[in-house]
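Notes for the one structure printed next.
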Amino acid sequence: MWLPCGRASRRVVSSFSRRVFRSYFHVEGRRKFNVAAFMPEAAGIQGLSDRSTLQEFSVSNGESFWAAAARHRLSWISPFHTAQDCDLSRGRIKWFEGGKLNVSVNCLDRHVHTCPEKVALIWERDEPGSEVEVTYRQLLEMTCRLGNLLRRRGVKKGDCVTIYMPPCPLAVASMLACARIGAAHNVVFAGFSAEALAERIRDAHSSTVITVNQGVRGGKVIELKKTVDTAVDSCPMVQQVLVAMRTENPVAMTARDDVVCEPAVMDSEDVLFLLYTSGSTGKPKGLVHTQAGYLLYAALTHRYVFSYHDGDVFGCVADIGWITGHSYSVYGPLANGGTTVLFESTPIYPDPGRYWEMVQRLKINQFYGAPTAIRLLLKYGDQWVHKYDRSTLKTLGSVGEPINTEAWEWYHRVVGDGRCPVVDTWWQTETGGICISPRPSDPDAEIVPGMAMRPFFGIKPVLMDTEGKVLTSNNTSGALCISQPWPGMARTIHNNHQRYIETYFSKSFCPVPTGYFFTGDGAYRSKEGYYQITGRLDDVINVSGHRIGTAEIEDVVVSDDCPLPVSSGVYTFVVLKKDVDVQETDLSRLLNDMVSKKIAKYACPDFIQFVHRLPKTRSGKIMRRVLRKVVERDLNGLGDLSTLDDPAAVQEIIQGHRELRGQQQQQQQQP
Ligand code: WTA
């Protein structure tokens, strides 16, 4: 049952006053905790008196908790014999061994048996009002046709198929068709350039690529097939490219009579998909997720973080090319037999009311979006929100980067009319699903703006200091780690298990694997024990919610392809080699073009500041923290500069930054 909350500001007060009231008058205010009603998976667990004891149990008895959840929530061909066999210090993660299942059967067939005509997908096409609904029966048919087609074309269990498509039913059917026949999929965000796509196809060793003729986004046609053509020119292993037409008829591509496709019997730990993400080196890493654990974790978090109930319409507006699209547009909702929206457009097309007009038209109950879009919409004003009926909304979610208080408050007050809990969900491609989020918790438990707050079931966060010591007190900050395994975590980096161990289980200050999973993020734990994510600790940056390594951009900027000699560049900071005579505006344009061609448009620098030198430590490491503070104009927060090789470099950069901003303001003022 969903219980509405009051406004954020009042919520803190009201839960506080209730506590005071209860303790003063000794009122037995709490109803008995009915675990079976809240979480049927946990019904058999004895001695649970409230949600916090359930949370404690899930952490201290992780193995039994997850075994019960897996038995209850997934359909097995044969049961598992060992719930978990993990050793974080060796990067060995195995869940539900001995179990056999098929993910597409879990996402489709079992719902077709009970409610074939239920809507599985609502494809919210770029043109508002032209949505297409696909039922579970139809989606199973599409998936089977596609599965048969792939099998006939020689795709086998264990192969990897690259999918380069915008969010649409055929993309979902392609993912599920791979799962059906036991092939792994590798979805590449359809905004990536041909070179970035080619690199991912090669690394995944895909011989089959599925794409669409053209994409349509924000009223513009995007030549996806052409991009694939260019990419496969440098991918000798690609033997076939399947091209769907972007059409209103969801079965147009593979119309055949044969709609039965025998599901492959898969082991729990067989690969379900690879998803490439940026790390702190130039080379993106293909994180590997496997069958049962990933699906269980996506399904459970979808159900409990968002309080998703049968019959709800779930609107996650992330692209399927990112992990959010995988877990919360596709696998989580479908495993739960839900109705999920595939959003093809942009937040401001045809106008800044798009999301809310869609909420009204599709009667969306849970809306899950990114802070960058919320911040953008906030600037357009409340009238775009007020125009539409949002009374169906029950939960609002945020993901991808920290959400600042102003954006959080606006989301809560204006979009949610102060009625809907806002869940700021922290997680990563590596974690498979949400790890820290204000819900699930007691329906009236406080939610603090801009804080992810509470760990999910089975998640045990710890904070570590720079010496590798675990910080046990509250009101403290450190590197965010997770101290025990959970079923959703990535199992390895494709073809590079060593890199997986080095990146996630050991750190420069303690090169020996420690038994902790290192997230790469910093976090603050408040006095009350709530977590707030403060941002990346490594050289990964967040551009409008898209994750990119500074090293990836640097690789392009300093590559041999650049006809001009640039010795080193840090995103918007560029140092020219000595004696180079070049117009800065020309070079800026050139560098922008190169980043767009080699990675994607979104990775292009908005600002390029030319400097003589960068602030470096005596050991030659660039002090990115200092650069960030200069750009944020937080000069009081520059911190300790005593380890800098040449502190004067910072003054030069501050001065250059002021000049650049001055120029920009002048340009903006010009009519
Ligand atoms: C950041 C996206 C603050 C974080 C699901 C993480 C967040 C990276 C939040 C993962 C949040 C994600 N608050 N920061 N609620 N959610 N991040 O792999 O730095 O694309 O490590 O996964 O995004 O990005 P990824």
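In the structure tokens, the first chain shown is A, the next is B, and so on; residue numbers restart at 1 for each chain, and ligands run from 1 in the order shown.
Of the residues in range 388-460 of chain A, those that DSSP places in strand (DSSP E) on the basis of the backbone are Thr395, Leu396, Gly397, Ser398, Val399, Val422, Val423, Asp424 and Thr425 of chain A.
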Tell me which protein, DNA and RNA residues are within 10 Å of Tyr308 in chain A, counting only C-alpha atoms, leaving out same-chain ones fewer than 5 positions away, and put them as a PDB file with N, CA, C and O atoms, in the first residue's frame.
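Wrote around_18.pdb, looks like this:
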ATOM      1  N   MET A   1       0.848  -1.184   0.000  1.00  0.00           N
ATOM      2  CA  MET A   1       0.000   0.000   0.000  1.00  0.00           C
ATOM      3  C   MET A   1       0.889   1.241   0.000  1.00  0.00           C
ATOM      4  O   MET A   1       1.893   1.303   0.690  1.00  0.00           O
ATOM      5  N   TRP A   2       0.495   2.244  -0.766  1.00  0.00           N
ATOM      6  CA  TRP A   2       1.300   3.441  -0.831  1.00  0.00           C
ATOM      7  C   TRP A   2       0.681   4.515   0.046  1.00  0.00           C
ATOM      8  O   TRP A   2      -0.507   4.775   0.007  1.00  0.00           O
ATOM      9  N   LEU A 300      13.860  -6.464  -7.843  1.00  0.00           N
ATOM     10  CA  LEU A 300      13.572  -6.147  -6.439  1.00  0.00           C
ATOM     11  C   LEU A 300      13.682  -4.641  -6.160  1.00  0.00           C
ATOM     12  O   LEU A 300      12.850  -4.058  -5.472  1.00  0.00           O
ATOM     13  N   THR A 301      14.714  -4.020  -6.712  1.00  0.00           N
ATOM     14  CA  THR A 301      14.872  -2.575  -6.501  1.00  0.00           C
ATOM     15  C   THR A 301      13.736  -1.821  -7.197  1.00  0.00           C
ATOM     16  O   THR A 301      13.185  -0.858  -6.652  1.00  0.00           O
ATOM     17  N   HIS A 302      13.382  -2.257  -8.396  1.00  0.00           N
ATOM     18  CA  HIS A 302      12.275  -1.590  -9.107  1.00  0.00           C
ATOM     19  C   HIS A 302      10.997  -1.664  -8.273  1.00  0.00           C
ATOM     20  O   HIS A 302      10.266  -0.690  -8.122  1.00  0.00           O
ATOM     21  N   ARG A 303      10.741  -2.800  -7.714  1.00  0.00           N
ATOM     22  CA  ARG A 303       9.512  -2.992  -6.936  1.00  0.00           C
ATOM     23  C   ARG A 303       9.516  -2.135  -5.656  1.00  0.00           C
ATOM     24  O   ARG A 303       8.519  -1.496  -5.322  1.00  0.00           O
ATOM     25  N   VAL A 313       1.947   2.496 -14.183  1.00  0.00           N
ATOM     26  CA  VAL A 313       2.705   2.779 -15.406  1.00  0.00           C
ATOM     27  C   VAL A 313       4.021   3.428 -14.985  1.00  0.00           C
ATOM     28  O   VAL A 313       4.021   4.474 -14.332  1.00  0.00           O
ATOM     29  N   PHE A 314       5.116   2.768 -15.327  1.00  0.00           N
ATOM     30  CA  PHE A 314       6.433   3.210 -14.867  1.00  0.00           C
ATOM     31  C   PHE A 314       7.131   3.999 -15.976  1.00  0.00           C
ATOM     32  O   PHE A 314       7.332   3.483 -17.077  1.00  0.00           O
ATOM     33  N   PRO A 333      11.163  -3.633 -14.681  1.00  0.00           N
ATOM     34  CA  PRO A 333       9.710  -3.594 -14.886  1.00  0.00           C
ATOM     35  C   PRO A 333       9.169  -4.861 -15.551  1.00  0.00           C
ATOM     36  O   PRO A 333       8.116  -5.350 -15.170  1.00  0.00           O
ATOM     37  N   ASN A 336       8.909  -7.823 -13.341  1.00  0.00           N
ATOM     38  CA  ASN A 336       7.798  -7.655 -12.407  1.00  0.00           C
ATOM     39  C   ASN A 336       6.431  -7.648 -13.096  1.00  0.00           C
ATOM     40  O   ASN A 336       5.424  -7.368 -12.451  1.00  0.00           O
ATOM     41  N   GLY A 338       5.324  -5.491 -15.208  1.00  0.00           N
ATOM     42  CA  GLY A 338       4.828  -4.114 -15.192  1.00  0.00           C
ATOM     43  C   GLY A 338       4.623  -3.538 -16.581  1.00  0.00           C
ATOM     44  O   GLY A 338       4.853  -4.198 -17.597  1.00  0.00           O
ATOM     45  N   ASN A 365       2.670   6.702 -13.215  1.00  0.00           N
ATOM     46  CA  ASN A 365       2.628   6.666 -11.751  1.00  0.00           C
ATOM     47  C   ASN A 365       3.987   6.891 -11.100  1.00  0.00           C
ATOM     48  O   ASN A 365       4.082   7.417 -10.005  1.00  0.00           O
ATOM     49  N   GLN A 366       5.050   6.408 -11.743  1.00  0.00           N
ATOM     50  CA  GLN A 366       6.397   6.655 -11.220  1.00  0.00           C
ATOM     51  C   GLN A 366       7.189   7.313 -12.344  1.00  0.00           C
ATOM     52  O   GLN A 366       7.218   6.779 -13.465  1.00  0.00           O
ATOM     53  N   LYS A 394       2.988   9.050  -8.216  1.00  0.00           N
ATOM     54  CA  LYS A 394       3.106   8.611  -6.818  1.00  0.00           C
ATOM     55  C   LYS A 394       4.545   8.717  -6.306  1.00  0.00           C
ATOM     56  O   LYS A 394       4.778   8.993  -5.148  1.00  0.00           O
ATOM     57  N   THR A 395       5.509   8.431  -7.162  1.00  0.00           N
ATOM     58  CA  THR A 395       6.916   8.521  -6.748  1.00  0.00           C
ATOM     59  C   THR A 395       7.704   9.230  -7.847  1.00  0.00           C
ATOM     60  O   THR A 395       7.480   8.982  -9.034  1.00  0.00           O
TER      61      THR A 395
END
Write out as a VMD selection string the residues lying within 7 Å of range 165-168 of chain A, counting only C-alpha atoms and excluding same-chain residues fewer than 2 positions away. chain A and resid 123 163 170 to 172 190 211 to 212 215 319 to 320 342 to 344
Pull all heavy atoms from the residues just selected and write them as a short mmCIF file (atom, residue, chain, number, x, y, z; two decimals), in the first residue's frame.
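Final output, saved to out-v4.cif:
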data_model
loop_
_atom_site.label_atom_id
_atom_site.label_comp_id
_atom_site.auth_asym_id
_atom_site.auth_seq_id
_atom_site.Cartn_x
_atom_site.Cartn_y
_atom_site.Cartn_z
N TRP A 123 5.59 2.78 -26.12
CA TRP A 123 6.67 3.45 -26.85
C TRP A 123 6.24 4.90 -27.05
O TRP A 123 5.35 5.18 -27.86
CB TRP A 123 6.89 2.75 -28.20
CG TRP A 123 7.97 3.36 -29.03
CD1 TRP A 123 9.01 4.14 -28.61
CD2 TRP A 123 8.13 3.20 -30.44
NE1 TRP A 123 9.80 4.48 -29.66
CE2 TRP A 123 9.29 3.92 -30.80
CE3 TRP A 123 7.41 2.52 -31.42
CZ2 TRP A 123 9.74 3.98 -32.12
CZ3 TRP A 123 7.86 2.58 -32.74
CH2 TRP A 123 9.02 3.30 -33.07
N ILE A 163 23.82 -3.93 -30.20
CA ILE A 163 22.55 -3.28 -30.53
C ILE A 163 22.78 -1.77 -30.50
O ILE A 163 23.19 -1.22 -29.48
CB ILE A 163 21.46 -3.70 -29.51
CG1 ILE A 163 21.23 -5.22 -29.58
CG2 ILE A 163 20.16 -2.94 -29.75
CD1 ILE A 163 20.32 -5.77 -28.48
N LEU A 170 11.42 -2.65 -30.73
CA LEU A 170 12.33 -3.60 -31.37
C LEU A 170 13.67 -3.69 -30.66
O LEU A 170 14.33 -4.73 -30.68
CB LEU A 170 12.54 -3.24 -32.84
CG LEU A 170 11.57 -3.96 -33.79
CD1 LEU A 170 11.70 -3.44 -35.20
CD2 LEU A 170 11.80 -5.48 -33.76
N ALA A 171 14.07 -2.62 -30.06
CA ALA A 171 15.33 -2.66 -29.30
C ALA A 171 15.16 -3.57 -28.09
O ALA A 171 16.02 -4.40 -27.78
CB ALA A 171 15.73 -1.26 -28.87
N VAL A 172 14.02 -3.43 -27.41
CA VAL A 172 13.75 -4.29 -26.24
C VAL A 172 13.65 -5.74 -26.70
O VAL A 172 14.22 -6.65 -26.09
CB VAL A 172 12.46 -3.84 -25.52
CG1 VAL A 172 12.13 -4.78 -24.37
CG2 VAL A 172 12.62 -2.42 -25.00
N ALA A 190 22.89 5.18 -28.80
CA ALA A 190 22.82 5.60 -30.20
C ALA A 190 23.27 7.05 -30.42
O ALA A 190 23.14 7.57 -31.52
CB ALA A 190 21.42 5.36 -30.75
N THR A 211 20.45 -2.59 -35.84
CA THR A 211 20.27 -1.13 -35.78
C THR A 211 18.94 -0.76 -36.44
O THR A 211 18.15 -1.63 -36.82
CB THR A 211 21.46 -0.41 -36.45
OG1 THR A 211 21.34 0.99 -36.22
CG2 THR A 211 21.53 -0.66 -37.95
N VAL A 212 18.66 0.53 -36.55
CA VAL A 212 17.49 1.00 -37.29
C VAL A 212 17.99 1.87 -38.45
O VAL A 212 19.12 2.37 -38.41
CB VAL A 212 16.53 1.85 -36.42
CG1 VAL A 212 15.88 1.00 -35.35
CG2 VAL A 212 17.24 3.03 -35.81
N GLY A 215 17.15 7.28 -36.77
CA GLY A 215 16.50 7.61 -35.51
C GLY A 215 15.79 8.94 -35.67
O GLY A 215 16.08 9.71 -36.60
N ASP A 319 17.78 6.59 -21.64
CA ASP A 319 17.96 5.86 -22.89
C ASP A 319 18.35 4.41 -22.57
O ASP A 319 19.06 4.15 -21.60
CB ASP A 319 19.08 6.53 -23.70
CG ASP A 319 19.10 6.04 -25.13
OD1 ASP A 319 19.58 4.92 -25.37
OD2 ASP A 319 18.61 6.78 -26.00
N ILE A 320 17.91 3.48 -23.42
CA ILE A 320 18.26 2.08 -23.16
C ILE A 320 19.77 1.82 -23.34
O ILE A 320 20.26 0.76 -22.98
CB ILE A 320 17.50 1.08 -24.06
CG1 ILE A 320 17.65 1.49 -25.51
CG2 ILE A 320 16.04 0.98 -23.66
CD1 ILE A 320 17.50 0.33 -26.43
N LEU A 342 8.95 3.65 -22.94
CA LEU A 342 10.24 3.83 -23.64
C LEU A 342 10.20 5.22 -24.24
O LEU A 342 9.41 5.49 -25.14
CB LEU A 342 10.39 2.81 -24.76
CG LEU A 342 10.37 1.35 -24.37
CD1 LEU A 342 10.30 0.47 -25.61
CD2 LEU A 342 11.63 1.03 -23.56
N PHE A 343 11.04 6.10 -23.74
CA PHE A 343 10.97 7.51 -24.14
C PHE A 343 11.98 7.79 -25.24
O PHE A 343 13.19 7.68 -25.03
CB PHE A 343 11.23 8.39 -22.91
CG PHE A 343 11.07 9.85 -23.18
CD1 PHE A 343 9.83 10.39 -23.47
CD2 PHE A 343 12.16 10.71 -23.12
CE1 PHE A 343 9.67 11.75 -23.70
CE2 PHE A 343 12.02 12.07 -23.35
CZ PHE A 343 10.77 12.58 -23.64
N GLU A 344 11.48 8.19 -26.41
CA GLU A 344 12.37 8.38 -27.55
C GLU A 344 12.80 9.83 -27.72
O GLU A 344 13.74 10.13 -28.45
CB GLU A 344 11.62 7.94 -28.82
CG GLU A 344 12.47 7.88 -30.08
CD GLU A 344 11.64 7.52 -31.30
OE1 GLU A 344 10.52 8.05 -31.47
OE2 GLU A 344 12.11 6.71 -32.11
#
Helix (DSSP H, G or I) residues, from DSSP on the backbone, in range 326-409 of chain A, as a PDB file with N, CA, C and O atoms, in the first residue's frame:
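Generated file (part32.pdb):
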ATOM      1  N   HIS A 326      18.605  -0.125 -19.090  1.00  0.00           N
ATOM      2  CA  HIS A 326      18.603  -1.594 -18.985  1.00  0.00           C
ATOM      3  C   HIS A 326      17.786  -2.047 -17.772  1.00  0.00           C
ATOM      4  O   HIS A 326      16.912  -2.898 -17.878  1.00  0.00           O
ATOM      5  N   SER A 327      18.116  -1.475 -16.607  1.00  0.00           N
ATOM      6  CA  SER A 327      17.539  -2.004 -15.367  1.00  0.00           C
ATOM      7  C   SER A 327      16.123  -1.497 -15.110  1.00  0.00           C
ATOM      8  O   SER A 327      15.306  -2.235 -14.567  1.00  0.00           O
ATOM      9  N   TYR A 328      15.829  -0.235 -15.499  1.00  0.00           N
ATOM     10  CA  TYR A 328      14.537   0.325 -15.092  1.00  0.00           C
ATOM     11  C   TYR A 328      13.610   0.704 -16.247  1.00  0.00           C
ATOM     12  O   TYR A 328      12.491   1.154 -16.005  1.00  0.00           O
ATOM     13  N   SER A 329      14.060   0.549 -17.522  1.00  0.00           N
ATOM     14  CA  SER A 329      13.074   0.624 -18.607  1.00  0.00           C
ATOM     15  C   SER A 329      12.754  -0.786 -19.060  1.00  0.00           C
ATOM     16  O   SER A 329      11.679  -1.045 -19.587  1.00  0.00           O
ATOM     17  N   VAL A 330      13.717  -1.695 -18.911  1.00  0.00           N
ATOM     18  CA  VAL A 330      13.534  -3.024 -19.492  1.00  0.00           C
ATOM     19  C   VAL A 330      13.452  -4.111 -18.412  1.00  0.00           C
ATOM     20  O   VAL A 330      12.361  -4.591 -18.088  1.00  0.00           O
ATOM     21  N   TYR A 331      14.575  -4.520 -17.851  1.00  0.00           N
ATOM     22  CA  TYR A 331      14.579  -5.759 -17.076  1.00  0.00           C
ATOM     23  C   TYR A 331      13.768  -5.707 -15.774  1.00  0.00           C
ATOM     24  O   TYR A 331      13.013  -6.638 -15.495  1.00  0.00           O
ATOM     25  N   GLY A 332      13.926  -4.655 -14.976  1.00  0.00           N
ATOM     26  CA  GLY A 332      13.200  -4.597 -13.699  1.00  0.00           C
ATOM     27  C   GLY A 332      11.691  -4.613 -13.915  1.00  0.00           C
ATOM     28  O   GLY A 332      10.992  -5.517 -13.430  1.00  0.00           O
ATOM     29  N   PRO A 333      11.163  -3.633 -14.681  1.00  0.00           N
ATOM     30  CA  PRO A 333       9.710  -3.594 -14.886  1.00  0.00           C
ATOM     31  C   PRO A 333       9.169  -4.861 -15.551  1.00  0.00           C
ATOM     32  O   PRO A 333       8.116  -5.350 -15.170  1.00  0.00           O
ATOM     33  N   LEU A 334       9.867  -5.399 -16.549  1.00  0.00           N
ATOM     34  CA  LEU A 334       9.319  -6.571 -17.249  1.00  0.00           C
ATOM     35  C   LEU A 334       9.381  -7.817 -16.362  1.00  0.00           C
ATOM     36  O   LEU A 334       8.464  -8.636 -16.377  1.00  0.00           O
ATOM     37  N   ALA A 335      10.446  -7.972 -15.590  1.00  0.00           N
ATOM     38  CA  ALA A 335      10.495  -9.117 -14.672  1.00  0.00           C
ATOM     39  C   ALA A 335       9.330  -9.047 -13.696  1.00  0.00           C
ATOM     40  O   ALA A 335       8.788 -10.070 -13.291  1.00  0.00           O
ATOM     41  N   ARG A 354       6.916  18.751 -22.239  1.00  0.00           N
ATOM     42  CA  ARG A 354       6.823  17.407 -22.794  1.00  0.00           C
ATOM     43  C   ARG A 354       6.649  16.292 -21.744  1.00  0.00           C
ATOM     44  O   ARG A 354       5.776  15.440 -21.860  1.00  0.00           O
ATOM     45  N   TYR A 355       7.499  16.308 -20.721  1.00  0.00           N
ATOM     46  CA  TYR A 355       7.419  15.233 -19.724  1.00  0.00           C
ATOM     47  C   TYR A 355       6.024  15.182 -19.081  1.00  0.00           C
ATOM     48  O   TYR A 355       5.444  14.127 -18.893  1.00  0.00           O
ATOM     49  N   TRP A 356       5.532  16.373 -18.740  1.00  0.00           N
ATOM     50  CA  TRP A 356       4.308  16.419 -17.921  1.00  0.00           C
ATOM     51  C   TRP A 356       3.080  16.180 -18.769  1.00  0.00           C
ATOM     52  O   TRP A 356       2.097  15.596 -18.304  1.00  0.00           O
ATOM     53  N   GLU A 357       3.154  16.602 -20.032  1.00  0.00           N
ATOM     54  CA  GLU A 357       2.071  16.264 -20.971  1.00  0.00           C
ATOM     55  C   GLU A 357       2.030  14.742 -21.131  1.00  0.00           C
ATOM     56  O   GLU A 357       0.963  14.131 -21.167  1.00  0.00           O
ATOM     57  N   MET A 358       3.228  14.137 -21.181  1.00  0.00           N
ATOM     58  CA  MET A 358       3.300  12.678 -21.312  1.00  0.00           C
ATOM     59  C   MET A 358       2.768  11.999 -20.039  1.00  0.00           C
ATOM     60  O   MET A 358       2.048  11.008 -20.116  1.00  0.00           O
ATOM     61  N   VAL A 359       3.120  12.552 -18.880  1.00  0.00           N
ATOM     62  CA  VAL A 359       2.623  11.989 -17.615  1.00  0.00           C
ATOM     63  C   VAL A 359       1.092  11.982 -17.625  1.00  0.00           C
ATOM     64  O   VAL A 359       0.449  10.993 -17.280  1.00  0.00           O
ATOM     65  N   GLN A 360       0.506  13.097 -18.081  1.00  0.00           N
ATOM     66  CA  GLN A 360      -0.960  13.200 -18.122  1.00  0.00           C
ATOM     67  C   GLN A 360      -1.543  12.196 -19.122  1.00  0.00           C
ATOM     68  O   GLN A 360      -2.461  11.449 -18.807  1.00  0.00           O
ATOM     69  N   ARG A 361      -0.983  12.162 -20.315  1.00  0.00           N
ATOM     70  CA  ARG A 361      -1.541  11.327 -21.392  1.00  0.00           C
ATOM     71  C   ARG A 361      -1.389   9.841 -21.083  1.00  0.00           C
ATOM     72  O   ARG A 361      -2.284   9.046 -21.301  1.00  0.00           O
ATOM     73  N   LEU A 362      -0.218   9.449 -20.579  1.00  0.00           N
ATOM     74  CA  LEU A 362       0.016   8.011 -20.350  1.00  0.00           C
ATOM     75  C   LEU A 362      -0.352   7.598 -18.920  1.00  0.00           C
ATOM     76  O   LEU A 362      -0.227   6.449 -18.561  1.00  0.00           O
ATOM     77  N   PRO A 371      18.808  14.698 -12.889  1.00  0.00           N
ATOM     78  CA  PRO A 371      18.891  16.072 -12.381  1.00  0.00           C
ATOM     79  C   PRO A 371      19.160  17.096 -13.479  1.00  0.00           C
ATOM     80  O   PRO A 371      18.627  18.213 -13.436  1.00  0.00           O
ATOM     81  N   THR A 372      19.948  16.727 -14.471  1.00  0.00           N
ATOM     82  CA  THR A 372      20.301  17.690 -15.512  1.00  0.00           C
ATOM     83  C   THR A 372      19.035  18.167 -16.241  1.00  0.00           C
ATOM     84  O   THR A 372      18.877  19.355 -16.527  1.00  0.00           O
ATOM     85  N   ALA A 373      18.089  17.249 -16.479  1.00  0.00           N
ATOM     86  CA  ALA A 373      16.841  17.628 -17.141  1.00  0.00           C
ATOM     87  C   ALA A 373      15.965  18.447 -16.197  1.00  0.00           C
ATOM     88  O   ALA A 373      15.337  19.428 -16.609  1.00  0.00           O
ATOM     89  N   ILE A 374      15.947  18.064 -14.930  1.00  0.00           N
ATOM     90  CA  ILE A 374      15.131  18.806 -13.956  1.00  0.00           C
ATOM     91  C   ILE A 374      15.633  20.254 -13.869  1.00  0.00           C
ATOM     92  O   ILE A 374      14.852  21.196 -13.885  1.00  0.00           O
ATOM     93  N   ARG A 375      16.957  20.399 -13.813  1.00  0.00           N
ATOM     94  CA  ARG A 375      17.519  21.754 -13.722  1.00  0.00           C
ATOM     95  C   ARG A 375      17.161  22.580 -14.951  1.00  0.00           C
ATOM     96  O   ARG A 375      16.854  23.763 -14.862  1.00  0.00           O
ATOM     97  N   LEU A 376      17.201  21.943 -16.105  1.00  0.00           N
ATOM     98  CA  LEU A 376      16.866  22.631 -17.347  1.00  0.00           C
ATOM     99  C   LEU A 376      15.403  23.079 -17.317  1.00  0.00           C
ATOM    100  O   LEU A 376      15.080  24.233 -17.605  1.00  0.00           O
ATOM    101  N   LEU A 377      14.511  22.189 -16.911  1.00  0.00           N
ATOM    102  CA  LEU A 377      13.074  22.492 -16.938  1.00  0.00           C
ATOM    103  C   LEU A 377      12.699  23.546 -15.908  1.00  0.00           C
ATOM    104  O   LEU A 377      11.813  24.368 -16.149  1.00  0.00           O
ATOM    105  N   LEU A 378      13.394  23.513 -14.781  1.00  0.00           N
ATOM    106  CA  LEU A 378      13.157  24.497 -13.730  1.00  0.00           C
ATOM    107  C   LEU A 378      13.312  25.915 -14.295  1.00  0.00           C
ATOM    108  O   LEU A 378      12.540  26.809 -13.985  1.00  0.00           O
ATOM    109  N   LYS A 379      14.298  26.077 -15.182  1.00  0.00           N
ATOM    110  CA  LYS A 379      14.567  27.414 -15.727  1.00  0.00           C
ATOM    111  C   LYS A 379      13.415  27.897 -16.610  1.00  0.00           C
ATOM    112  O   LYS A 379      13.194  29.083 -16.757  1.00  0.00           O
ATOM    113  N   TYR A 380      12.695  26.983 -17.233  1.00  0.00           N
ATOM    114  CA  TYR A 380      11.591  27.397 -18.105  1.00  0.00           C
ATOM    115  C   TYR A 380      10.357  27.844 -17.332  1.00  0.00           C
ATOM    116  O   TYR A 380       9.427  28.385 -17.910  1.00  0.00           O
ATOM    117  N   GLN A 383       4.936  27.198 -15.167  1.00  0.00           N
ATOM    118  CA  GLN A 383       3.704  27.113 -15.961  1.00  0.00           C
ATOM    119  C   GLN A 383       3.669  25.884 -16.856  1.00  0.00           C
ATOM    120  O   GLN A 383       2.609  25.318 -17.109  1.00  0.00           O
ATOM    121  N   TRP A 384       4.852  25.429 -17.276  1.00  0.00           N
ATOM    122  CA  TRP A 384       4.894  24.235 -18.148  1.00  0.00           C
ATOM    123  C   TRP A 384       4.473  22.982 -17.395  1.00  0.00           C
ATOM    124  O   TRP A 384       4.048  21.998 -17.980  1.00  0.00           O
ATOM    125  N   VAL A 385       4.644  23.019 -16.100  1.00  0.00           N
ATOM    126  CA  VAL A 385       4.243  21.868 -15.288  1.00  0.00           C
ATOM    127  C   VAL A 385       2.758  21.982 -14.941  1.00  0.00           C
ATOM    128  O   VAL A 385       1.987  21.033 -15.105  1.00  0.00           O
ATOM    129  N   HIS A 386       2.360  23.176 -14.508  1.00  0.00           N
ATOM    130  CA  HIS A 386       0.977  23.380 -14.045  1.00  0.00           C
ATOM    131  C   HIS A 386      -0.054  23.101 -15.126  1.00  0.00           C
ATOM    132  O   HIS A 386      -1.188  22.754 -14.832  1.00  0.00           O
ATOM    133  N   THR A 405      19.812  21.044  -4.071  1.00  0.00           N
ATOM    134  CA  THR A 405      18.593  21.249  -3.275  1.00  0.00           C
ATOM    135  C   THR A 405      17.529  22.003  -4.069  1.00  0.00           C
ATOM    136  O   THR A 405      16.357  21.652  -4.028  1.00  0.00           O
ATOM    137  N   GLU A 406      17.952  23.018  -4.827  1.00  0.00           N
ATOM    138  CA  GLU A 406      16.960  23.811  -5.559  1.00  0.00           C
ATOM    139  C   GLU A 406      16.178  22.927  -6.536  1.00  0.00           C
ATOM    140  O   GLU A 406      14.948  22.988  -6.602  1.00  0.00           O
ATOM    141  N   ALA A 407      16.890  22.075  -7.268  1.00  0.00           N
ATOM    142  CA  ALA A 407      16.231  21.192  -8.241  1.00  0.00           C
ATOM    143  C   ALA A 407      15.354  20.170  -7.518  1.00  0.00           C
ATOM    144  O   ALA A 407      14.235  19.874  -7.937  1.00  0.00           O
ATOM    145  N   TRP A 408      15.865  19.645  -6.402  1.00  0.00           N
ATOM    146  CA  TRP A 408      15.096  18.665  -5.617  1.00  0.00           C
ATOM    147  C   TRP A 408      13.781  19.276  -5.144  1.00  0.00           C
ATOM    148  O   TRP A 408      12.709  18.694  -5.291  1.00  0.00           O
ATOM    149  N   GLU A 409      13.894  20.487  -4.574  1.00  0.00           N
ATOM    150  CA  GLU A 409      12.706  21.153  -4.020  1.00  0.00           C
ATOM    151  C   GLU A 409      11.674  21.416  -5.122  1.00  0.00           C
ATOM    152  O   GLU A 409      10.478  21.252  -4.921  1.00  0.00           O
TER     153      GLU A 409
END
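With distances restricted to only C-alpha atoms and all ligand atoms, A:Phe189 is the closest residue to ligand 1 from A:Phe273, A:Phe80, A:Phe189, A:Phe610.
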Show me which residues sit within 7 Å of ligand 1 when counting only C-alpha atoms and all ligand atoms, and put them as a PyMOL selection string. chain A and resi 277+322-324+398-403+424-430+452+519-521+533-536+542+546-547
How far is it from CA of Pro438 in chain A to CA of Gly529 in chain A, in Å with one decimal?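 Taking CA of Pro438 in chain A and CA of Gly529 in chain A, their separation equals 12.1 Å.
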Who sits within 8 Å of Leu614 in chain A, only C-alpha atoms, same chain under 2 positions skipped, as a list in words: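 Using only C-alpha atoms, the neighbours found are Val575, Val611, His612, Lys616, Ile622, Met623, Ala649, Val650 and Ile653 of chain A.
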